[in-house]
Each structure stands twice: as C-alpha cells, then as structure tokens.
>>> print(open('entry.cif').read())   # mmCIF, C-alpha atoms
data_run
loop_
_atom_site.group_PDB
_atom_site.id
_atom_site.type_symbol
_atom_site.label_atom_id
_atom_site.label_comp_id
_atom_site.auth_asym_id
_atom_site.auth_seq_id
_atom_site.Cartn_x
_atom_site.Cartn_y
_atom_site.Cartn_z
ATOM 1 C CA MET Y 1 -4.640 3.265 -22.555
ATOM 2 C CA SER Y 2 -3.446 2.451 -19.055
ATOM 3 C CA VAL Y 3 0.192 3.002 -18.189
ATOM 4 C CA SER Y 4 1.927 0.536 -15.911
ATOM 5 C CA PRO Y 5 5.135 1.024 -13.911
ATOM 6 C CA GLU Y 6 6.883 -1.136 -16.520
ATOM 7 C CA SER Y 7 6.419 1.796 -18.923
ATOM 8 C CA GLY Y 8 8.890 3.887 -16.941
ATOM 9 C CA ARG Y 9 8.280 7.423 -15.762
ATOM 10 C CA PHE Y 10 8.624 11.038 -16.802
ATOM 11 C CA ASP Y 11 11.142 12.882 -14.673
ATOM 12 C CA ASP Y 12 12.836 16.251 -15.172
ATOM 13 C CA GLY Y 13 11.578 16.602 -18.756
ATOM 14 C CA ALA Y 14 12.698 13.125 -19.811
ATOM 15 C CA HIS Y 15 11.309 9.613 -19.857
ATOM 16 C CA ARG Y 16 13.278 7.073 -17.822
ATOM 17 C CA LEU Y 17 12.976 3.320 -18.257
ATOM 18 C CA PRO Y 18 14.823 0.813 -16.056
ATOM 19 C CA VAL Y 19 16.334 -2.179 -17.865
ATOM 20 C CA ARG Y 20 18.020 -5.162 -16.194
ATOM 21 C CA ILE Y 21 20.775 -7.006 -18.034
ATOM 22 C CA TYR Y 22 20.146 -10.734 -18.403
ATOM 23 C CA TYR Y 23 22.411 -13.536 -19.558
ATOM 24 C CA GLU Y 24 20.759 -13.436 -23.009
ATOM 25 C CA ASP Y 25 21.989 -9.825 -23.428
ATOM 26 C CA THR Y 26 25.645 -10.718 -22.970
ATOM 27 C CA ASP Y 27 28.512 -12.464 -24.677
ATOM 28 C CA PHE Y 28 30.435 -15.339 -23.084
ATOM 29 C CA SER Y 29 32.291 -12.927 -20.754
ATOM 30 C CA GLY Y 30 29.164 -11.330 -19.272
ATOM 31 C CA VAL Y 31 29.544 -8.058 -21.201
ATOM 32 C CA VAL Y 32 26.504 -6.708 -23.054
ATOM 33 C CA TYR Y 33 26.684 -7.400 -26.780
ATOM 34 C CA HIS Y 34 26.720 -4.050 -28.634
ATOM 35 C CA ALA Y 35 23.587 -4.710 -30.717
ATOM 36 C CA ARG Y 36 21.490 -5.252 -27.578
ATOM 37 C CA TYR Y 37 21.765 -1.547 -26.817
ATOM 38 C CA LEU Y 38 19.636 -0.915 -29.923
ATOM 39 C CA HIS Y 39 16.901 -3.061 -28.343
ATOM 40 C CA PHE Y 40 17.063 -1.056 -25.124
ATOM 41 C CA LEU Y 41 16.877 2.237 -27.037
ATOM 42 C CA GLU Y 42 13.847 0.978 -28.992
ATOM 43 C CA ARG Y 43 12.137 0.012 -25.734
ATOM 44 C CA GLY Y 44 12.848 3.499 -24.396
ATOM 45 C CA ARG Y 45 11.212 5.195 -27.395
ATOM 46 C CA THR Y 46 8.250 2.791 -27.312
ATOM 47 C CA GLU Y 47 7.640 3.216 -23.585
ATOM 48 C CA PHE Y 48 7.952 6.997 -23.881
ATOM 49 C CA LEU Y 49 5.078 6.938 -26.367
ATOM 50 C CA ARG Y 50 3.082 4.491 -24.234
ATOM 51 C CA ALA Y 51 3.542 6.653 -21.116
ATOM 52 C CA ALA Y 52 2.477 9.683 -23.189
ATOM 53 C CA GLY Y 53 -0.751 7.827 -24.041
ATOM 54 C CA LEU Y 54 0.107 6.571 -27.536
ATOM 55 C CA GLY Y 55 0.886 2.929 -28.099
ATOM 56 C CA HIS Y 56 2.038 1.518 -31.413
ATOM 57 C CA ALA Y 57 -1.097 -0.649 -31.705
ATOM 58 C CA GLU Y 58 -3.372 2.378 -31.264
ATOM 59 C CA LEU Y 59 -1.446 4.359 -33.857
ATOM 60 C CA TRP Y 60 -1.654 1.475 -36.339
ATOM 61 C CA ASP Y 61 -5.391 0.878 -35.701
ATOM 62 C CA ARG Y 62 -6.378 4.469 -36.550
ATOM 63 C CA ASP Y 63 -8.368 5.368 -39.666
ATOM 64 C CA GLU Y 64 -5.051 6.579 -41.095
ATOM 65 C CA PRO Y 65 -2.544 4.037 -39.718
ATOM 66 C CA LEU Y 66 0.864 5.254 -38.608
ATOM 67 C CA ALA Y 67 4.138 3.419 -38.069
ATOM 68 C CA PHE Y 68 7.711 4.547 -37.419
ATOM 69 C CA ALA Y 69 11.062 3.725 -38.964
ATOM 70 C CA VAL Y 70 14.492 4.765 -37.773
ATOM 71 C CA ARG Y 71 16.020 6.894 -40.523
ATOM 72 C CA ARG Y 72 19.297 7.784 -38.881
ATOM 73 C CA MET Y 73 21.037 6.891 -35.626
ATOM 74 C CA THR Y 74 24.363 8.015 -34.223
ATOM 75 C CA LEU Y 75 25.776 6.048 -31.302
ATOM 76 C CA ASP Y 76 28.612 6.786 -28.923
ATOM 77 C CA PHE Y 77 29.691 3.797 -26.838
ATOM 78 C CA ALA Y 78 31.500 5.055 -23.721
ATOM 79 C CA ALA Y 79 31.530 2.008 -21.426
ATOM 80 C CA ALA Y 80 30.179 -1.514 -21.213
ATOM 81 C CA ALA Y 81 27.319 -2.885 -19.147
ATOM 82 C CA ARG Y 82 27.556 -6.306 -17.555
ATOM 83 C CA ILE Y 83 25.217 -9.095 -16.542
ATOM 84 C CA ASP Y 84 22.850 -8.176 -13.660
ATOM 85 C CA ASP Y 85 23.402 -4.419 -14.081
ATOM 86 C CA VAL Y 86 20.306 -2.262 -13.822
ATOM 87 C CA LEU Y 87 20.460 0.476 -16.433
ATOM 88 C CA THR Y 88 18.297 3.486 -17.158
ATOM 89 C CA VAL Y 89 17.264 4.362 -20.697
ATOM 90 C CA THR Y 90 16.602 8.109 -20.830
ATOM 91 C CA THR Y 91 14.608 9.410 -23.797
ATOM 92 C CA ARG Y 92 13.956 13.012 -24.791
ATOM 93 C CA PHE Y 93 11.931 13.884 -27.854
ATOM 94 C CA ARG Y 94 13.652 17.046 -29.071
ATOM 95 C CA LYS Y 95 11.828 18.121 -32.214
ATOM 96 C CA LEU Y 96 8.825 17.122 -34.302
ATOM 97 C CA LYS Y 97 8.870 18.546 -37.804
ATOM 98 C CA GLY Y 98 6.702 17.249 -40.627
ATOM 99 C CA ALA Y 99 7.239 13.499 -40.789
ATOM 100 C CA ARG Y 100 10.396 13.480 -38.649
ATOM 101 C CA LEU Y 101 10.995 13.052 -34.953
ATOM 102 C CA HIS Y 102 14.375 13.946 -33.467
ATOM 103 C CA ILE Y 103 15.177 12.066 -30.284
ATOM 104 C CA GLY Y 104 18.076 12.114 -27.835
ATOM 105 C CA GLN Y 105 18.665 9.004 -25.745
ATOM 106 C CA ASN Y 106 21.214 7.613 -23.373
ATOM 107 C CA ILE Y 107 21.730 4.441 -21.424
ATOM 108 C CA SER Y 108 23.303 4.902 -18.028
ATOM 109 C CA ARG Y 109 24.336 2.929 -14.978
ATOM 110 C CA HIS Y 110 23.836 5.169 -11.961
ATOM 111 C CA GLN Y 111 25.224 8.521 -13.155
ATOM 112 C CA ASP Y 112 27.591 7.085 -15.769
ATOM 113 C CA VAL Y 113 26.444 7.304 -19.388
ATOM 114 C CA LEU Y 114 27.356 4.075 -21.182
ATOM 115 C CA VAL Y 115 25.775 4.817 -24.570
ATOM 116 C CA ALA Y 116 24.532 8.087 -26.066
ATOM 117 C CA ALA Y 117 22.315 8.128 -29.152
ATOM 118 C CA GLU Y 118 20.863 10.714 -31.487
ATOM 119 C CA VAL Y 119 17.949 9.248 -33.413
ATOM 120 C CA GLU Y 120 15.867 10.507 -36.328
ATOM 121 C CA VAL Y 121 12.609 8.628 -36.836
ATOM 122 C CA ALA Y 122 10.223 8.964 -39.770
ATOM 123 C CA CYS Y 123 6.430 8.685 -39.537
ATOM 124 C CA LEU Y 124 5.178 6.289 -42.207
ATOM 125 C CA SER Y 125 1.870 5.388 -43.792
ATOM 126 C CA PRO Y 126 1.045 1.683 -44.430
ATOM 127 C CA ASP Y 127 2.595 1.869 -47.904
ATOM 128 C CA GLY Y 128 5.923 2.900 -46.348
ATOM 129 C CA ARG Y 129 5.792 6.513 -47.476
ATOM 130 C CA PRO Y 130 6.647 9.353 -45.109
ATOM 131 C CA ARG Y 131 3.685 11.253 -43.734
ATOM 132 C CA ARG Y 132 3.210 14.159 -41.422
ATOM 133 C CA ALA Y 133 2.756 13.384 -37.765
ATOM 134 C CA PRO Y 134 -0.983 13.283 -36.947
ATOM 135 C CA PRO Y 135 -2.492 15.816 -34.538
ATOM 136 C CA GLU Y 136 -2.802 13.331 -31.648
ATOM 137 C CA LEU Y 137 0.915 12.511 -31.861
ATOM 138 C CA LYS Y 138 1.783 16.209 -31.890
ATOM 139 C CA ALA Y 139 -0.559 16.837 -28.949
ATOM 140 C CA ALA Y 140 1.032 14.018 -26.918
ATOM 141 C CA LEU Y 141 4.622 15.012 -27.708
ATOM 142 C CA GLU Y 142 4.646 18.823 -27.785
ATOM 143 C CA PRO Y 143 4.295 19.268 -23.986
ATOM 144 C CA ARG Y 144 7.203 16.846 -23.564
ATOM 145 C CA LEU Y 145 9.600 18.170 -26.221
ATOM 146 C CA SER Y 146 12.948 18.895 -24.656
ATOM 147 C CA PRO Y 147 15.807 20.571 -26.531
ATOM 148 C CA SER Y 148 18.207 19.886 -23.641
ATOM 149 C CA THR Y 149 20.799 17.126 -23.767
ATOM 150 C CA SER Y 150 19.953 13.585 -22.740
#
>>> encode(input="entry.cif", output="structure tokens")
Amino acid sequence: MSVSPESGRFDDGAHRLPVRIYYEDTDFSGVVYHARYLHFLERGRTEFLRAAGLGHAELWDRDEPLAFAVRRMTLDFAAAARIDDVLTVTTRFRKLKGARLHIGQNISRHQDVLVAAEVEVACLSPDGRPRRAPPELKAALEPRLSPSTS
C-alpha cells in the first residue's frame, strides 16, 4: 500500500492530518456544524491506519475479514472552527487489548485545541461479532502506541 501526503504524517508519536473547512462543513453563519467534527475524527483514524500500512479495504479483503465500529466516544467541544480554517486532526492509538482499540484524538487550529475526543473502537468480524485484533494490526499499531495525551 502506498501512502500519499493526503494521508497525513507521523510526528512526535502521533499522526497528524490537515483538514480544510469548506462551506459544506458549516452552518449559515460559517461556523462548523458540530456533527462534522465526527467526520474529521473518522478521517484521522482512517488515515492513521493507512499511513501505518493498513487500509480498510485490505483489512476487509483478508481471509478473515475485519471491520471496525465505534463503541464509545467522549467529546469535549472547546471552541468553534470557521469556514476556510485549516485544522489538524491528531490521532494517538493508546491501547490495543483483545478486540478493543483505545484512541485519543483532538482537532486543533494552530496550537488551540477545538475538540478533544476519547474513542473506543471494536474490531468486528463480518457477522458483526467482536474479534481479537489480528497479528498484522497489532504489528502495525504496537510501535505507534502512545499513552500520552493527544
């Protein structure tokens, strides 16, 4: 799998993905609609995996297909983003245990954190049942696990 600059970069133990705010992300006043932050966080987790060498398509096309589902997410909205802002989605995979991934994320503008998220993701088999993370996922994530804050 080739990794393009659009996949972001690993820096200081975290994955960083730039995201520009477009008109479609905002309400009538030019402020980002709160649900759009969930999209940006999802992109951050997806591009982290892609940059680590594991895309969703590759994980699904394995002999034992694997998908992910968000099990729990806690969000703290500190400030709003506006149209044309360039934000950074920072993602740190903190812990991998059994079928669960614990992830810390934030969305910032320059040094200001706008949204902080704690996310628990479950690994799932095609029938929707939890399953342990496969060895290739563990191998890709373990060198990048970071218990520090996002």
>>> resolve_selection(input="entry.cif", expression="the PyMOL selection byres ((chain Y and resi 140) around 10)", output="ChimeraX atom specification")
/Y:49,51-54,135-139,141-145
>>> write_last_selection(input="entry.cif", atoms="C-alpha atoms", output="short mmCIF file (atom, residue, chain, number, x, y, z; two decimals), keeping the file's coordinate frame")
data_model
loop_
_atom_site.label_atom_id
_atom_site.label_comp_id
_atom_site.auth_asym_id
_atom_site.auth_seq_id
_atom_site.Cartn_x
_atom_site.Cartn_y
_atom_site.Cartn_z
CA LEU Y 49 5.08 6.94 -26.37
CA ALA Y 51 3.54 6.65 -21.12
CA ALA Y 52 2.48 9.68 -23.19
CA GLY Y 53 -0.75 7.83 -24.04
CA LEU Y 54 0.11 6.57 -27.54
CA PRO Y 135 -2.49 15.82 -34.54
CA GLU Y 136 -2.80 13.33 -31.65
CA LEU Y 137 0.92 12.51 -31.86
CA LYS Y 138 1.78 16.21 -31.89
CA ALA Y 139 -0.56 16.84 -28.95
CA LEU Y 141 4.62 15.01 -27.71
CA GLU Y 142 4.65 18.82 -27.78
CA PRO Y 143 4.30 19.27 -23.99
CA ARG Y 144 7.20 16.85 -23.56
CA LEU Y 145 9.60 18.17 -26.22
#
>>> closest_atom_pairs(input="entry.cif", of="segment 63-101 of chain Y", to="segment 31-35 of chain Y", cutoff="8 Å", atoms="all atoms listed in the file", output="Markdown table")
| residue | atom | partner | partner_atom | distance |
| --- | --- | --- | --- | --- |
| Y:Ala80 | CA | Y:Val31 | CA | 6.6 |
| Y:Ala81 | CA | Y:Val32 | CA | 5.5 |
| Y:Arg82 | CA | Y:Val31 | CA | 4.5 |
| Y:Ile83 | CA | Y:Val31 | CA | 6.4 |
>>> atom_distance(input="entry.cif", atom1="atom CA of Ala67 of chain Y", atom2="atom CA of Leu38 of chain Y")
18.0 Å
>>> residues_near_point(input="entry.cif", point="(4.5, 4.7, -41.7)", cutoff="10 Å", atoms="all atoms listed in the file", output="list in words")
Leu59, Trp60, Glu64, Pro65, Leu66, Ala67, Phe68, Ala69, Ala99, Ala122, Cys123, Leu124, Ser125, Pro126, Asp127, Gly128, Arg129, Pro130, Arg131, Arg132 and Ala133 of chain Y
>>> atom_distance(input="entry.cif", atom1="atom CA of Arg92 of chain Y", atom2="atom CA of Ile21 of chain Y")
22.2 Å
>>> residues_around(input="entry.cif", residues="Ser146 of chain Y", least_positions_apart="2", cutoff="8 Å", atoms="all atoms listed in the file", output="ChimeraX atom specification")
/Y:13-14,92-95,144,148
>>> residues_near_point(input="entry.cif", point="(13.5, 1.6, -29.2)", cutoff="10 Å", atoms="all atoms listed in the file", output="PDB file with C-alpha atoms, in the frame of the given file")
ATOM      1  CA  TYR Y  37      21.765  -1.547 -26.817  1.00  0.00           C
ATOM      2  CA  LEU Y  38      19.636  -0.915 -29.923  1.00  0.00           C
ATOM      3  CA  HIS Y  39      16.901  -3.061 -28.343  1.00  0.00           C
ATOM      4  CA  PHE Y  40      17.063  -1.056 -25.124  1.00  0.00           C
ATOM      5  CA  LEU Y  41      16.877   2.237 -27.037  1.00  0.00           C
ATOM      6  CA  GLU Y  42      13.847   0.978 -28.992  1.00  0.00           C
ATOM      7  CA  ARG Y  43      12.137   0.012 -25.734  1.00  0.00           C
ATOM      8  CA  GLY Y  44      12.848   3.499 -24.396  1.00  0.00           C
ATOM      9  CA  ARG Y  45      11.212   5.195 -27.395  1.00  0.00           C
ATOM     10  CA  THR Y  46       8.250   2.791 -27.312  1.00  0.00           C
ATOM     11  CA  GLU Y  47       7.640   3.216 -23.585  1.00  0.00           C
ATOM     12  CA  PHE Y  48       7.952   6.997 -23.881  1.00  0.00           C
ATOM     13  CA  VAL Y  70      14.492   4.765 -37.773  1.00  0.00           C
ATOM     14  CA  VAL Y  89      17.264   4.362 -20.697  1.00  0.00           C
ATOM     15  CA  THR Y  91      14.608   9.410 -23.797  1.00  0.00           C
ATOM     16  CA  GLN Y 105      18.665   9.004 -25.745  1.00  0.00           C
ATOM     17  CA  VAL Y 119      17.949   9.248 -33.413  1.00  0.00           C
TER      18      VAL Y 119
END
>>> closest_residue(input="entry.cif", among="Y:Arg9, Y:Arg16, Y:Arg71, Y:Arg36", to="Thr88 of chain Y", atoms="only C-alpha atoms")
Y:Arg16
>>> resolve_selection(input="entry.cif", expression="the PyMOL selection byres ((chain Y and resi 106-114) around 6)", output="list in words")
Ala78, Ala79, Leu87, Thr88, Val89, Thr90, Gln105, Val115, Ala116 and Ala117 of chain Y
>>> atom_distance(input="entry.cif", atom1="atom CA of Glu118 of chain Y", atom2="atom CA of Glu58 of chain Y")
25.6 Å
>>> closest_residue(input="entry.cif", among="Y:Gly98, Y:Asp85, Y:Glu6, Y:Glu120", to="Arg20 of chain Y", atoms="only C-alpha atoms")
Y:Asp85
>>> build_atoms(input="entry.cif", residues="segment 114-135 of chain Y", atoms="N, CA and C atoms", output="short mmCIF file (atom, residue, chain, number, x, y, z; two decimals), in the frame of the given file")
data_model
loop_
_atom_site.label_atom_id
_atom_site.label_comp_id
_atom_site.auth_asym_id
_atom_site.auth_seq_id
_atom_site.Cartn_x
_atom_site.Cartn_y
_atom_site.Cartn_z
N LEU Y 114 26.67 5.15 -20.48
CA LEU Y 114 27.36 4.08 -21.18
C LEU Y 114 27.23 4.23 -22.69
N VAL Y 115 26.05 4.65 -23.14
CA VAL Y 115 25.78 4.82 -24.57
C VAL Y 115 24.93 6.08 -24.75
N ALA Y 116 25.33 6.92 -25.70
CA ALA Y 116 24.53 8.09 -26.07
C ALA Y 116 24.10 7.91 -27.52
N ALA Y 117 22.85 8.30 -27.80
CA ALA Y 117 22.32 8.13 -29.15
C ALA Y 117 21.54 9.36 -29.58
N GLU Y 118 21.70 9.72 -30.83
CA GLU Y 118 20.86 10.71 -31.49
C GLU Y 118 20.11 9.96 -32.57
N VAL Y 119 18.78 10.07 -32.54
CA VAL Y 119 17.95 9.25 -33.41
C VAL Y 119 17.00 10.14 -34.20
N GLU Y 120 16.88 9.85 -35.49
CA GLU Y 120 15.87 10.51 -36.33
C GLU Y 120 14.91 9.42 -36.79
N VAL Y 121 13.64 9.61 -36.50
CA VAL Y 121 12.61 8.63 -36.84
C VAL Y 121 11.64 9.26 -37.81
N ALA Y 122 11.20 8.49 -38.80
CA ALA Y 122 10.22 8.96 -39.77
C ALA Y 122 8.86 8.36 -39.47
N CYS Y 123 7.81 9.17 -39.60
CA CYS Y 123 6.43 8.68 -39.54
C CYS Y 123 6.09 8.13 -40.92
N LEU Y 124 5.49 6.94 -40.93
CA LEU Y 124 5.18 6.29 -42.21
C LEU Y 124 3.72 5.89 -42.29
N SER Y 125 3.20 5.93 -43.51
CA SER Y 125 1.87 5.39 -43.79
C SER Y 125 2.03 3.89 -44.09
N PRO Y 126 0.94 3.13 -44.19
CA PRO Y 126 1.04 1.68 -44.43
C PRO Y 126 1.82 1.29 -45.69
N ASP Y 127 1.85 2.19 -46.68
CA ASP Y 127 2.60 1.87 -47.90
C ASP Y 127 4.08 2.19 -47.78
N GLY Y 128 4.52 2.63 -46.58
CA GLY Y 128 5.92 2.90 -46.35
C GLY Y 128 6.37 4.30 -46.71
N ARG Y 129 5.45 5.14 -47.11
CA ARG Y 129 5.79 6.51 -47.48
C ARG Y 129 5.76 7.42 -46.25
N PRO Y 130 6.67 8.39 -46.23
CA PRO Y 130 6.65 9.35 -45.11
C PRO Y 130 5.33 10.12 -45.10
N ARG Y 131 4.89 10.43 -43.88
CA ARG Y 131 3.68 11.25 -43.73
C ARG Y 131 3.83 12.13 -42.51
N ARG Y 132 3.17 13.24 -42.56
CA ARG Y 132 3.21 14.16 -41.42
C ARG Y 132 2.69 13.48 -40.17
N ALA Y 133 3.24 13.90 -39.05
CA ALA Y 133 2.76 13.38 -37.76
C ALA Y 133 1.31 13.82 -37.57
N PRO Y 134 0.43 12.92 -37.16
CA PRO Y 134 -0.98 13.28 -36.95
C PRO Y 134 -1.14 14.18 -35.71
N PRO Y 135 -2.27 14.88 -35.64
CA PRO Y 135 -2.49 15.82 -34.54
C PRO Y 135 -2.38 15.17 -33.15
#
